[in-house]
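Enquirer: Next comes final.csv, CSV, C-alpha atoms:
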```csv
chain,number,residue,atom,x,y,z
A,1368,MET,CA,0.0,0.0,0.0
A,1369,SER,CA,1.1,3.6,-0.5
A,1370,ASP,CA,-0.2,7.0,0.3
A,1371,ARG,CA,-2.1,8.6,-2.6
A,1372,VAL,CA,-2.6,12.3,-2.6
A,1373,THR,CA,-3.6,14.7,-5.3
A,1374,GLY,CA,-1.7,18.0,-5.5
A,1375,GLY,CA,-0.5,17.4,-1.9
A,1376,ARG,CA,-4.1,16.8,-0.6
A,1377,MET,CA,-5.3,13.7,1.0
A,1378,THR,CA,-8.4,12.1,-0.7
A,1379,ALA,CA,-11.5,12.5,1.5
A,1380,VAL,CA,-14.1,9.8,1.6
A,1381,VAL,CA,-17.5,10.9,3.0
A,1382,PHE,CA,-19.4,7.9,4.3
A,1383,VAL,CA,-23.3,8.2,4.4
A,1384,HIS,CA,-24.9,5.4,6.3
A,1385,GLY,CA,-28.2,3.6,5.6
A,1386,THR,CA,-31.6,3.2,7.2
A,1387,GLY,CA,-32.0,2.4,10.9
A,1388,VAL,CA,-28.4,3.0,11.9
A,1389,ARG,CA,-28.0,4.5,15.3
A,1390,GLU,CA,-25.4,4.5,18.0
A,1391,PRO,CA,-23.6,2.3,19.1
A,1392,GLY,CA,-23.9,0.6,15.8
A,1393,PHE,CA,-22.8,3.6,13.8
A,1394,THR,CA,-19.4,3.9,15.5
A,1395,ALA,CA,-18.8,0.2,14.9
A,1396,LEU,CA,-19.8,0.6,11.2
A,1397,LEU,CA,-17.6,3.6,10.7
A,1398,GLU,CA,-14.6,1.8,12.2
A,1399,ARG,CA,-15.1,-1.1,9.9
A,1400,VAL,CA,-15.4,1.1,6.8
A,1401,THR,CA,-12.4,3.1,7.8
A,1402,ALA,CA,-10.3,-0.1,8.4
A,1403,GLY,CA,-11.6,-1.7,5.1
A,1404,LEU,CA,-10.5,1.3,3.1
A,1405,ALA,CA,-7.2,1.6,4.9
A,1406,ALA,CA,-6.4,-2.0,4.1
A,1407,GLN,CA,-6.6,-1.1,0.4
A,1408,ARG,CA,-4.9,2.3,0.5
A,1409,ASP,CA,-3.0,4.4,3.0
A,1410,GLY,CA,-3.7,8.1,3.3
A,1411,LEU,CA,-7.4,8.2,3.0
A,1412,ARG,CA,-9.4,10.5,5.2
A,1413,VAL,CA,-12.8,9.0,6.1
A,1414,LEU,CA,-15.4,11.4,7.3
A,1415,PRO,CA,-18.9,10.3,8.5
A,1416,TYR,CA,-22.2,11.9,7.7
A,1417,TYR,CA,-24.2,10.6,10.6
A,1418,TRP,CA,-27.6,11.9,9.5
A,1419,GLY,CA,-29.4,9.4,11.8
A,1420,ALA,CA,-28.7,11.5,14.9
A,1421,ALA,CA,-30.0,14.8,13.5
A,1422,HIS,CA,-32.6,13.8,11.0
A,1423,GLY,CA,-33.4,10.1,11.6
A,1424,ALA,CA,-37.0,9.0,12.4
A,1425,THR,CA,-38.0,8.6,16.1
A,1426,LEU,CA,-41.3,7.7,17.7
A,1427,ALA,CA,-42.1,11.0,19.2
A,1428,ALA,CA,-45.0,9.7,21.3
A,1429,GLY,CA,-43.1,6.7,22.6
A,1430,GLY,CA,-44.6,4.2,20.2
A,1431,ALA,CA,-48.3,5.0,20.7
A,1432,SER,CA,-48.9,4.1,17.0
A,1433,LEU,CA,-47.6,0.5,17.4
A,1434,PRO,CA,-50.1,-2.2,18.2
A,1435,PRO,CA,-49.2,-4.0,21.5
A,1436,ARG,CA,-47.3,-7.2,21.2
A,1437,SER,CA,-49.2,-10.4,21.8
A,1438,GLY,CA,-49.7,-10.9,25.6
A,1439,THR,CA,-49.0,-7.3,26.5
A,1440,THR,CA,-51.1,-4.2,26.9
A,1441,ARG,CA,-50.4,-0.6,25.9
A,1442,GLY,CA,-47.6,0.8,28.1
A,1443,LEU,CA,-46.2,-2.7,28.7
A,1444,ARG,CA,-44.7,-3.3,25.3
A,1445,ALA,CA,-41.3,-4.2,26.7
A,1446,GLY,CA,-42.7,-6.8,29.0
A,1447,PRO,CA,-42.7,-10.6,28.6
A,1448,VAL,CA,-44.6,-12.1,25.6
A,1449,GLU,CA,-47.2,-14.7,26.4
A,1450,PRO,CA,-47.7,-17.4,23.8
A,1451,ASP,CA,-50.5,-16.8,21.3
A,1452,PRO,CA,-52.6,-19.9,20.8
A,1453,GLY,CA,-52.8,-19.2,17.1
A,1454,GLU,CA,-49.2,-18.0,16.6
A,1455,GLU,CA,-47.7,-21.4,15.9
A,1456,THR,CA,-50.3,-22.2,13.2
A,1457,THR,CA,-50.0,-18.7,11.6
A,1458,SER,CA,-46.2,-18.9,11.7
A,1459,ALA,CA,-46.3,-22.4,10.1
A,1460,TRP,CA,-48.5,-21.1,7.3
A,1461,ALA,CA,-45.9,-18.3,6.7
A,1462,LEU,CA,-43.3,-21.0,6.2
A,1463,LEU,CA,-45.5,-22.9,3.8
A,1464,TYR,CA,-46.2,-19.7,1.8
A,1465,ASP,CA,-42.5,-19.3,1.4
A,1466,ASP,CA,-42.0,-23.0,0.5
A,1467,PRO,CA,-45.3,-25.0,-0.1
A,1468,TYR,CA,-43.3,-28.2,0.1
A,1469,ALA,CA,-41.7,-27.5,3.5
A,1470,GLU,CA,-44.0,-29.8,5.5
A,1471,LEU,CA,-43.6,-32.5,2.9
A,1472,ALA,CA,-39.8,-32.3,3.4
A,1473,LEU,CA,-40.3,-32.7,7.2
A,1474,ALA,CA,-42.4,-35.8,6.6
A,1475,ALA,CA,-39.9,-37.2,4.0
A,1476,ALA,CA,-37.0,-36.7,6.4
A,1477,GLY,CA,-38.8,-39.0,8.9
A,1478,SER,CA,-39.2,-41.8,6.4
A,1479,GLY,CA,-37.3,-45.0,7.0
A,1480,PRO,CA,-36.5,-48.1,4.9
A,1481,VAL,CA,-39.5,-49.0,2.7
A,1482,ALA,CA,-41.3,-52.0,4.2
A,1483,GLU,CA,-42.2,-55.0,2.1
A,1484,ARG,CA,-45.9,-54.7,1.1
A,1485,PRO,CA,-48.4,-57.5,0.8
A,1486,PRO,CA,-48.9,-58.9,-2.8
A,1487,GLY,CA,-51.5,-56.8,-4.7
A,1488,SER,CA,-51.3,-53.8,-2.3
A,1489,VAL,CA,-51.2,-50.4,-3.9
A,1490,PRO,CA,-48.1,-48.3,-2.9
A,1491,PRO,CA,-49.1,-45.2,-1.0
A,1492,GLN,CA,-47.5,-42.8,-3.4
A,1493,GLN,CA,-49.4,-44.4,-6.3
A,1494,SER,CA,-52.6,-43.9,-4.4
A,1495,ILE,CA,-52.0,-40.2,-3.6
A,1496,ARG,CA,-50.8,-39.5,-7.1
A,1497,ALA,CA,-54.0,-41.0,-8.5
A,1498,LEU,CA,-56.1,-38.8,-6.1
A,1499,LEU,CA,-54.1,-35.7,-7.1
A,1500,THR,CA,-54.7,-36.5,-10.8
A,1501,ALA,CA,-58.4,-36.8,-10.1
A,1502,LEU,CA,-58.5,-33.6,-8.2
A,1503,ALA,CA,-56.7,-31.8,-11.0
A,1504,GLY,CA,-59.4,-33.0,-13.3
A,1505,GLN,CA,-62.0,-31.0,-11.3
A,1506,GLY,CA,-60.3,-27.7,-12.4
A,1507,ASP,CA,-60.3,-24.7,-10.0
A,1508,ALA,CA,-63.7,-25.4,-8.4
A,1509,PRO,CA,-62.5,-27.2,-5.2
A,1510,ALA,CA,-60.4,-24.2,-4.3
A,1511,ALA,CA,-62.2,-21.4,-6.0
A,1512,GLU,CA,-61.9,-19.1,-3.0
A,1513,LEU,CA,-58.1,-19.2,-3.3
A,1514,GLY,CA,-58.0,-18.3,-7.0
A,1515,PRO,CA,-56.9,-20.2,-10.1
A,1516,GLY,CA,-54.1,-22.7,-10.4
A,1517,LEU,CA,-55.3,-25.9,-8.5
A,1518,PRO,CA,-54.8,-28.3,-11.5
A,1519,ARG,CA,-51.2,-27.2,-12.0
A,1520,ALA,CA,-50.5,-27.3,-8.3
A,1521,CYS,CA,-51.8,-30.8,-8.2
A,1522,THR,CA,-49.7,-31.9,-11.2
A,1523,ASP,CA,-46.6,-30.4,-9.7
A,1524,LEU,CA,-47.2,-32.0,-6.3
A,1525,ALA,CA,-47.8,-35.4,-7.9
A,1526,ALA,CA,-44.5,-35.2,-9.7
A,1527,HIS,CA,-42.5,-33.9,-6.7
A,1528,PRO,CA,-39.7,-36.1,-5.6
A,1529,LEU,CA,-40.5,-35.7,-1.9
A,1530,LEU,CA,-44.0,-37.1,-2.3
A,1531,GLY,CA,-42.9,-40.7,-2.4
A,1532,PRO,CA,-40.7,-40.6,0.8
A,1533,ALA,CA,-43.5,-38.6,2.6
A,1534,ALA,CA,-46.0,-41.3,1.5
A,1535,ASP,CA,-43.8,-44.0,3.0
A,1536,ALA,CA,-43.6,-42.1,6.3
A,1537,LEU,CA,-47.2,-41.1,6.9
A,1538,ASP,CA,-50.5,-43.0,7.0
A,1539,PRO,CA,-52.8,-42.1,4.1
A,1540,ALA,CA,-55.0,-39.7,6.2
A,1541,ASP,CA,-52.0,-37.8,7.5
A,1542,LEU,CA,-50.6,-37.6,4.0
A,1543,ALA,CA,-53.8,-36.3,2.6
A,1544,VAL,CA,-53.8,-33.4,5.1
A,1545,VAL,CA,-50.1,-32.6,4.5
A,1546,ALA,CA,-50.8,-32.6,0.7
A,1547,ALA,CA,-53.8,-30.4,1.1
A,1548,ARG,CA,-51.9,-27.8,3.1
A,1549,SER,CA,-49.2,-27.9,0.4
A,1550,LEU,CA,-51.7,-27.2,-2.3
A,1551,THR,CA,-53.4,-24.4,-0.4
A,1552,ALA,CA,-50.1,-22.8,0.4
A,1553,ARG,CA,-49.1,-23.0,-3.2
A,1554,LEU,CA,-52.2,-21.2,-4.4
A,1555,ILE,CA,-51.9,-18.5,-1.8
A,1556,ALA,CA,-48.2,-18.0,-2.5
A,1557,ASP,CA,-48.9,-17.7,-6.2
A,1558,ALA,CA,-51.5,-15.0,-5.5
A,1559,LEU,CA,-49.0,-13.1,-3.3
A,1560,ASP,CA,-46.4,-13.4,-6.0
A,1561,ALA,CA,-48.8,-12.0,-8.5
A,1562,ASP,CA,-49.8,-9.1,-6.1
A,1563,TYR,CA,-53.4,-10.3,-6.2
A,1564,PRO,CA,-55.3,-7.8,-4.0
A,1565,LEU,CA,-57.5,-10.4,-2.3
A,1566,VAL,CA,-56.1,-13.1,0.0
A,1567,PRO,CA,-58.6,-15.2,2.0
A,1568,VAL,CA,-58.8,-15.0,5.7
A,1569,GLY,CA,-57.5,-17.9,7.8
A,1570,ASP,CA,-61.0,-19.5,8.3
A,1571,THR,CA,-61.6,-19.6,4.5
A,1572,ARG,CA,-58.1,-21.0,3.9
A,1573,ASP,CA,-58.7,-23.7,6.5
A,1574,ALA,CA,-62.1,-24.6,5.1
A,1575,VAL,CA,-60.6,-25.0,1.6
A,1576,THR,CA,-57.8,-27.1,3.0
A,1577,ASP,CA,-60.3,-29.4,4.7
A,1578,ARG,CA,-62.2,-29.7,1.5
A,1579,ILE,CA,-59.1,-30.7,-0.4
A,1580,ALA,CA,-57.9,-33.1,2.3
A,1581,GLU,CA,-61.2,-35.0,2.1
A,1582,ALA,CA,-60.8,-35.2,-1.7
A,1583,LEU,CA,-57.4,-36.7,-1.1
A,1584,GLY,CA,-58.7,-39.3,1.2
A,1585,ALA,CA,-58.8,-37.8,4.7
A,1586,PRO,CA,-61.9,-38.4,6.8
A,1587,PRO,CA,-64.2,-35.4,7.5
A,1588,ARG,CA,-62.8,-32.9,10.0
A,1589,GLY,CA,-63.4,-33.8,13.6
A,1590,ALA,CA,-61.6,-34.1,16.9
A,1591,GLU,CA,-59.2,-36.6,15.5
A,1592,ARG,CA,-58.0,-34.1,12.8
A,1593,GLY,CA,-56.1,-32.2,15.4
A,1594,LEU,CA,-53.9,-35.2,16.0
A,1595,ARG,CA,-52.9,-35.2,12.3
A,1596,SER,CA,-51.6,-31.6,12.7
A,1597,TYR,CA,-48.4,-32.7,14.4
A,1598,LEU,CA,-46.2,-31.9,11.4
A,1599,LEU,CA,-47.8,-28.4,11.1
A,1600,ARG,CA,-47.4,-27.9,14.8
A,1601,THR,CA,-43.8,-29.0,14.7
A,1602,ALA,CA,-43.1,-26.5,11.9
A,1603,GLY,CA,-45.2,-23.9,13.6
A,1604,ALA,CA,-43.3,-24.2,16.9
A,1605,VAL,CA,-40.0,-23.6,15.0
A,1606,ALA,CA,-41.5,-20.6,13.1
A,1607,SER,CA,-43.2,-19.2,16.2
A,1608,ARG,CA,-39.9,-19.2,18.1
A,1609,ALA,CA,-38.2,-17.4,15.2
A,1610,VAL,CA,-41.1,-14.8,15.1
A,1611,GLN,CA,-40.8,-14.3,18.9
A,1612,ARG,CA,-37.1,-13.7,18.5
A,1613,ARG,CA,-37.6,-11.2,15.7
A,1614,ARG,CA,-40.8,-9.6,17.1
A,1615,ARG,CA,-39.0,-6.7,18.8
A,1616,ALA,CA,-37.0,-6.0,15.7
A,1617,LEU,CA,-40.0,-6.3,13.5
A,1618,THR,CA,-42.2,-3.9,15.5
A,1619,GLU,CA,-40.0,-1.7,17.8
A,1620,ALA,CA,-36.4,-1.6,16.5
A,1621,ALA,CA,-37.5,-1.8,12.9
A,1622,HIS,CA,-39.4,1.5,13.0
A,1623,PRO,CA,-36.3,3.6,12.4
A,1624,ALA,CA,-35.6,1.8,9.1
A,1625,ALA,CA,-39.1,2.3,7.6
A,1626,GLY,CA,-39.4,5.7,9.3
A,1627,ASP,CA,-36.1,7.0,8.0
A,1628,ILE,CA,-37.2,6.3,4.4
A,1629,LEU,CA,-40.6,7.9,4.9
A,1630,ARG,CA,-39.1,10.9,6.6
A,1631,TYR,CA,-36.5,11.4,3.9
A,1632,LEU,CA,-39.0,11.2,1.1
A,1633,SER,CA,-41.3,13.8,2.9
A,1634,ARG,CA,-38.6,16.0,4.5
A,1635,GLY,CA,-35.4,15.2,2.7
A,1636,ALA,CA,-34.1,18.8,2.3
A,1637,ALA,CA,-32.6,18.8,5.8
A,1638,PHE,CA,-30.7,15.5,5.0
A,1639,ARG,CA,-29.3,16.9,1.8
A,1640,ASP,CA,-28.4,20.3,3.3
A,1641,GLY,CA,-26.4,18.5,6.0
A,1642,LEU,CA,-24.4,16.5,3.5
A,1643,ARG,CA,-23.9,19.5,1.3
A,1644,THR,CA,-22.6,21.6,4.2
A,1645,LEU,CA,-20.1,18.9,5.2
A,1646,VAL,CA,-18.8,18.4,1.6
A,1647,ALA,CA,-18.6,22.1,0.8
A,1648,GLY,CA,-16.1,22.5,3.6
A,1649,LEU,CA,-13.7,19.9,2.2
A,1650,GLU,CA,-10.8,20.3,-0.2
A,1651,PRO,CA,-10.9,18.1,-3.3
A,1652,PRO,CA,-10.5,15.3,-4.2
A,1653,VAL,CA,-13.7,14.0,-2.4
A,1654,ALA,CA,-15.6,10.7,-2.8
A,1655,VAL,CA,-19.1,10.3,-1.4
A,1656,VAL,CA,-19.9,6.7,-0.4
A,1657,GLY,CA,-23.5,5.9,0.5
A,1658,HIS,CA,-25.2,2.7,1.6
A,1659,SER,CA,-28.9,2.0,1.0
A,1660,LEU,CA,-30.8,5.2,1.8
A,1661,GLY,CA,-27.4,6.9,2.3
A,1662,GLY,CA,-26.9,6.3,-1.4
A,1663,ILE,CA,-30.2,8.0,-2.2
A,1664,ILE,CA,-29.3,11.0,-0.1
A,1665,ALA,CA,-25.9,11.2,-1.7
A,1666,LEU,CA,-27.3,10.9,-5.3
A,1667,ASP,CA,-30.1,13.5,-4.6
A,1668,THR,CA,-27.6,15.9,-3.1
A,1669,LEU,CA,-25.2,15.7,-6.1
A,1670,ILE,CA,-28.1,16.0,-8.6
A,1671,SER,CA,-29.6,19.0,-6.9
A,1672,ALA,CA,-26.6,21.3,-7.4
A,1673,PRO,CA,-23.0,21.0,-8.3
A,1674,LEU,CA,-20.4,20.0,-5.7
A,1675,PRO,CA,-17.2,20.4,-7.7
A,1676,GLN,CA,-15.1,18.9,-4.9
A,1677,VAL,CA,-16.7,15.5,-5.5
A,1678,GLY,CA,-15.0,13.3,-8.1
A,1679,LEU,CA,-16.8,10.0,-7.3
A,1680,LEU,CA,-20.1,8.9,-6.1
A,1681,VAL,CA,-20.3,5.3,-4.8
A,1682,THR,CA,-23.6,3.7,-3.9
A,1683,ALA,CA,-23.9,0.2,-2.4
A,1684,GLY,CA,-27.2,-1.7,-2.1
A,1685,SER,CA,-29.0,1.5,-3.0
A,1686,GLN,CA,-32.5,2.1,-4.4
A,1687,GLY,CA,-31.7,5.3,-6.2
A,1688,PRO,CA,-32.1,3.8,-9.7
A,1689,PHE,CA,-35.4,2.2,-8.8
A,1690,LEU,CA,-36.8,5.4,-7.3
A,1691,TYR,CA,-35.8,7.3,-10.4
A,1692,GLU,CA,-37.4,4.8,-12.8
A,1693,SER,CA,-40.6,4.6,-10.7
A,1694,GLY,CA,-40.8,8.4,-10.5
A,1695,SER,CA,-40.1,8.6,-6.8
A,1696,LEU,CA,-36.6,10.1,-6.7
A,1697,PRO,CA,-37.0,13.6,-5.2
A,1698,SER,CA,-34.3,15.3,-7.3
A,1699,LEU,CA,-34.9,13.8,-10.8
A,1700,GLU,CA,-37.9,12.5,-12.6
A,1701,HIS,CA,-37.7,9.9,-15.3
A,1702,PRO,CA,-36.9,10.2,-18.2
A,1703,ALA,CA,-34.8,13.4,-17.5
A,1704,PRO,CA,-31.1,12.6,-17.9
A,1705,LEU,CA,-28.5,12.7,-15.2
A,1706,PRO,CA,-27.2,16.3,-15.0
A,1707,SER,CA,-23.7,16.7,-16.4
A,1708,HIS,CA,-22.3,18.0,-13.0
A,1709,VAL,CA,-23.0,14.6,-11.3
A,1710,PRO,CA,-19.6,12.9,-11.0
A,1711,ALA,CA,-18.6,9.4,-12.0
A,1712,TRP,CA,-20.9,6.9,-10.3
A,1713,LEU,CA,-19.9,3.5,-9.1
A,1714,ASN,CA,-22.9,1.4,-8.2
A,1715,LEU,CA,-22.2,-1.8,-6.2
A,1716,TYR,CA,-24.9,-4.4,-5.8
A,1717,ASP,CA,-25.1,-7.9,-4.4
A,1718,PRO,CA,-27.2,-10.1,-6.8
A,1719,ARG,CA,-28.9,-11.6,-3.7
A,1720,ASP,CA,-29.7,-8.2,-2.2
A,1721,LEU,CA,-33.3,-7.4,-3.1
A,1722,LEU,CA,-32.7,-3.8,-2.2
A,1723,GLY,CA,-29.8,-3.2,-4.6
A,1724,TYR,CA,-30.7,-1.9,-8.1
A,1725,LEU,CA,-28.9,-1.1,-11.4
A,1726,GLY,CA,-28.3,2.2,-13.0
A,1727,ALA,CA,-26.3,1.7,-16.1
A,1728,GLU,CA,-29.2,1.2,-18.5
A,1729,LEU,CA,-31.1,4.1,-17.0
A,1730,PHE,CA,-28.1,6.4,-17.3
A,1731,PRO,CA,-26.0,5.1,-20.3
A,1732,GLY,CA,-22.3,5.9,-19.9
A,1733,ARG,CA,-22.8,7.6,-16.5
A,1734,VAL,CA,-23.0,4.6,-14.1
A,1735,THR,CA,-20.8,1.6,-13.6
A,1736,ASP,CA,-22.7,-1.3,-12.1
A,1737,VAL,CA,-20.5,-3.8,-10.4
A,1738,PRO,CA,-21.8,-7.0,-8.7
A,1739,VAL,CA,-20.3,-8.0,-5.4
A,1740,ASP,CA,-21.1,-11.4,-3.8
A,1741,SER,CA,-21.2,-11.6,0.0
A,1742,GLY,CA,-22.3,-15.3,0.0
A,1743,GLN,CA,-25.3,-14.2,2.2
A,1744,PRO,CA,-29.0,-14.6,1.5
A,1745,PHE,CA,-31.4,-11.6,1.7
A,1746,PRO,CA,-31.8,-9.7,4.0
A,1747,ALA,CA,-28.3,-10.5,5.4
A,1748,ALA,CA,-26.9,-9.6,2.0
A,1749,HIS,CA,-28.1,-6.0,2.3
A,1750,SER,CA,-26.0,-5.5,5.5
A,1751,ALA,CA,-22.9,-7.5,4.4
A,1752,TYR,CA,-21.3,-4.9,2.0
A,1753,TRP,CA,-19.0,-3.4,4.6
A,1754,THR,CA,-17.5,-6.8,5.7
A,1755,ASN,CA,-16.7,-7.7,2.1
A,1756,PRO,CA,-13.1,-6.8,1.1
A,1757,VAL,CA,-14.1,-6.8,-2.5
A,1758,VAL,CA,-16.3,-3.8,-1.9
A,1759,TYR,CA,-13.3,-1.8,-0.6
A,1760,ARG,CA,-11.1,-2.9,-3.5
A,1761,HIS,CA,-13.7,-1.6,-6.0
A,1762,ILE,CA,-14.1,1.7,-4.2
A,1763,VAL,CA,-10.3,2.3,-4.0
A,1764,ASP,CA,-9.8,1.3,-7.6
A,1765,HIS,CA,-12.2,4.1,-8.7
A,1766,LEU,CA,-11.2,6.8,-6.3
A,1767,PRO,CA,-10.0,10.1,-7.8
```
How does this structure look as structure tokens?
Expert:
Amino acid sequence: MSDRVTGGRMTAVVFVHGTGVREPGFTALLERVTAGLAAQRDGLRVLPYYWGAAHGATLAAGGASLPPRSGTTRGLRAGPVEPDPGEETTSAWALLYDDPYAELALAAAGSGPVAERPPGSVPPQQSIRALLTALAGQGDAPAAELGPGLPRACTDLAAHPLLGPAADALDPADLAVVAARSLTARLIADALDADYPLVPVGDTRDAVTDRIAEALGAPPRGAERGLRSYLLRTAGAVASRAVQRRRRALTEAAHPAAGDILRYLSRGAAFRDGLRTLVAGLEPPVAVVGHSLGGIIALDTLISAPLPQVGLLVTAGSQGPFLYESGSLPSLEHPAPLPSHVPAWLNLYDPRDLLGYLGAELFPGRVTDVPVDSGQPFPAAHSAYWTNPVVYRHIVDHLP
């Protein structure tokens, strides 16, 4: 490594953090960014723009707008959480919407060696596949409340490689219920993927599931049906524990992240003015590096008026291009071109980060999109940029 200065001046890197970042996390983040850049090049001066302290969202009334957590009352939000009788089932359905074959996989994992069957007996997987084929032949009617797609869902389930092992592990009635839940989850998941505006309530979902289960060979719902829910309860217990662990983050700690975005889009001038004031007091060369919402703030600031000190804009996991294309970027409306005074723009994105967007096609010749792979799934990928040495290498390679 070697010091790199321009005209005797040290290169300044202004780091603009993303949503929800507050102390003590901000100090740890800044230290990691500073160390990551220093590992790639000596002589860089890293300056923070900690907008979260001055302009970040807070719950001014102490969270009066938040519904109380299960088992608590208003004013006791931080207290212990009592189990919700329906939480495990609801959480398990959430898992099934994400993967309609998840419960099938649990059943298949419990299957042992295939036992020898009496001569002339029908293998259980053959029976369930025949019932699925017959159900597919009825069209969408048996699950009309859930929307179209039942025949295809039946066909896909009948051909699924986990169906055979699950059939060996469960008795026919249990298998019918598991298969019915898989089909119901598939139809609802497809509706969610298509942004269909009507999703049935749980009672309707459960009634359709019972109807499908009976068509697949389960007895009519009764007291004994609850005993066949052991797989769903097992999955639900796991999901419920995960939801309980995340509940505070999802309702209380998560509010700064969502609130920061809304606050910026409604009152963003103060965010931009703060960054502009910081940068205006620096000697060139300057690079502005922004993560997530920080990248939007940086982009908007540089679009709004020239900052000649800045020779490079770096965004990582940022939604700026998406906001521009959707007509939501405060400083520039599509299809207006990027102003000529905006400096070179390096846009880093992790292909698994669902909050990272591309800018090169929107602004031809003005944006360099570079993929960086953290090896993490979303949402972890959105927070893994600053522990990835490749990110710093790309930034340093583009510094003025």
Enquirer: Taking into account only C-alpha atoms, which residue in the set A:Tyr1417, A:His1422, A:Ala1476, A:Gly1569 is nearest to Thr1456 in chain A?
Expert: A:Gly1569
Enquirer: So how many Å separate CA of Pro1567 in chain A and CA of Gly1514 in chain A, to one decimal?
Expert: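 Computed distance, CA of Pro1567 in chain A to CA of Gly1514 in chain A, equals 9.5 Å.
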Enquirer: Find, counting only C-alpha atoms, the residue in A:Ile1664, A:Val1653, A:Ala1428, A:Ala1534 that gets nearest to Leu1679 in chain A.
Expert: A:Val1653
Enquirer: Which of these, A:Gly1726, A:Asp1627, A:Asp1717, A:Glu1390, has the shortest distance to Tyr1691 in chain A once you count all atoms listed in the file?
Expert: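 Smallest distance to Tyr1691 in chain A is found for A:Gly1726.
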Enquirer: Could you jot down the CA of Glu1470 in chain A to CA of Asp1720 in chain A separation for me, Å, one decimal place?
Expert: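 Calculated distance between CA of Glu1470 in chain A and CA of Asp1720 in chain A is 27.0 Å.
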Enquirer: So that I can see what lies close to Asp1557 in chain A, please list as a list in words the residues with an atom at most 10 Å from it, counting only C-alpha atoms and leaving out residues fewer than 5 positions away in the same chain.
Expert: Tyr1464, Leu1513, Gly1514, Pro1515, Gly1516, Ala1520, Thr1551, Ala1552, Asp1562 and Tyr1563 of chain A
Enquirer: Would you mind reading off the distance between CA of Leu1411 in chain A and CA of Gly1385 in chain A, one decimal, in Å?
Expert: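 Result for CA of Leu1411 in chain A versus CA of Gly1385 in chain A: 21.5 Å, one decimal.
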Enquirer: Identify the residues within 10 Å of coordinate (-15.5, -2.0, -0.3) (same frame as the file), considering only C-alpha atoms, and give the answer as a list in words.
Expert: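 Selection result: Val1400, Gly1403, Leu1404, Gln1407, Val1656, Val1681, Ala1683, Leu1715, Val1739, Tyr1752, Trp1753, Thr1754, Asn1755, Pro1756, Val1757, Val1758, Tyr1759, Arg1760, His1761, Ile1762, Val1763 and Asp1764 of chain A.
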Enquirer: Go ahead and write the residues just picked, C-alpha atoms, as a compact mmCIF listing (two decimals), keeping the file's coordinate frame.
Expert:
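Output below, filename part-v8.txt:
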```
# COMPACT_ATOMS: atom_id res chain seq x y z
CA VAL A 1400 -15.40 1.10 6.80
CA GLY A 1403 -11.60 -1.70 5.10
CA LEU A 1404 -10.50 1.30 3.10
CA GLN A 1407 -6.60 -1.10 0.40
CA VAL A 1656 -19.90 6.70 -0.40
CA VAL A 1681 -20.30 5.30 -4.80
CA ALA A 1683 -23.90 0.20 -2.40
CA LEU A 1715 -22.20 -1.80 -6.20
CA VAL A 1739 -20.30 -8.00 -5.40
CA TYR A 1752 -21.30 -4.90 2.00
CA TRP A 1753 -19.00 -3.40 4.60
CA THR A 1754 -17.50 -6.80 5.70
CA ASN A 1755 -16.70 -7.70 2.10
CA PRO A 1756 -13.10 -6.80 1.10
CA VAL A 1757 -14.10 -6.80 -2.50
CA VAL A 1758 -16.30 -3.80 -1.90
CA TYR A 1759 -13.30 -1.80 -0.60
CA ARG A 1760 -11.10 -2.90 -3.50
CA HIS A 1761 -13.70 -1.60 -6.00
CA ILE A 1762 -14.10 1.70 -4.20
CA VAL A 1763 -10.30 2.30 -4.00
CA ASP A 1764 -9.80 1.30 -7.60
```
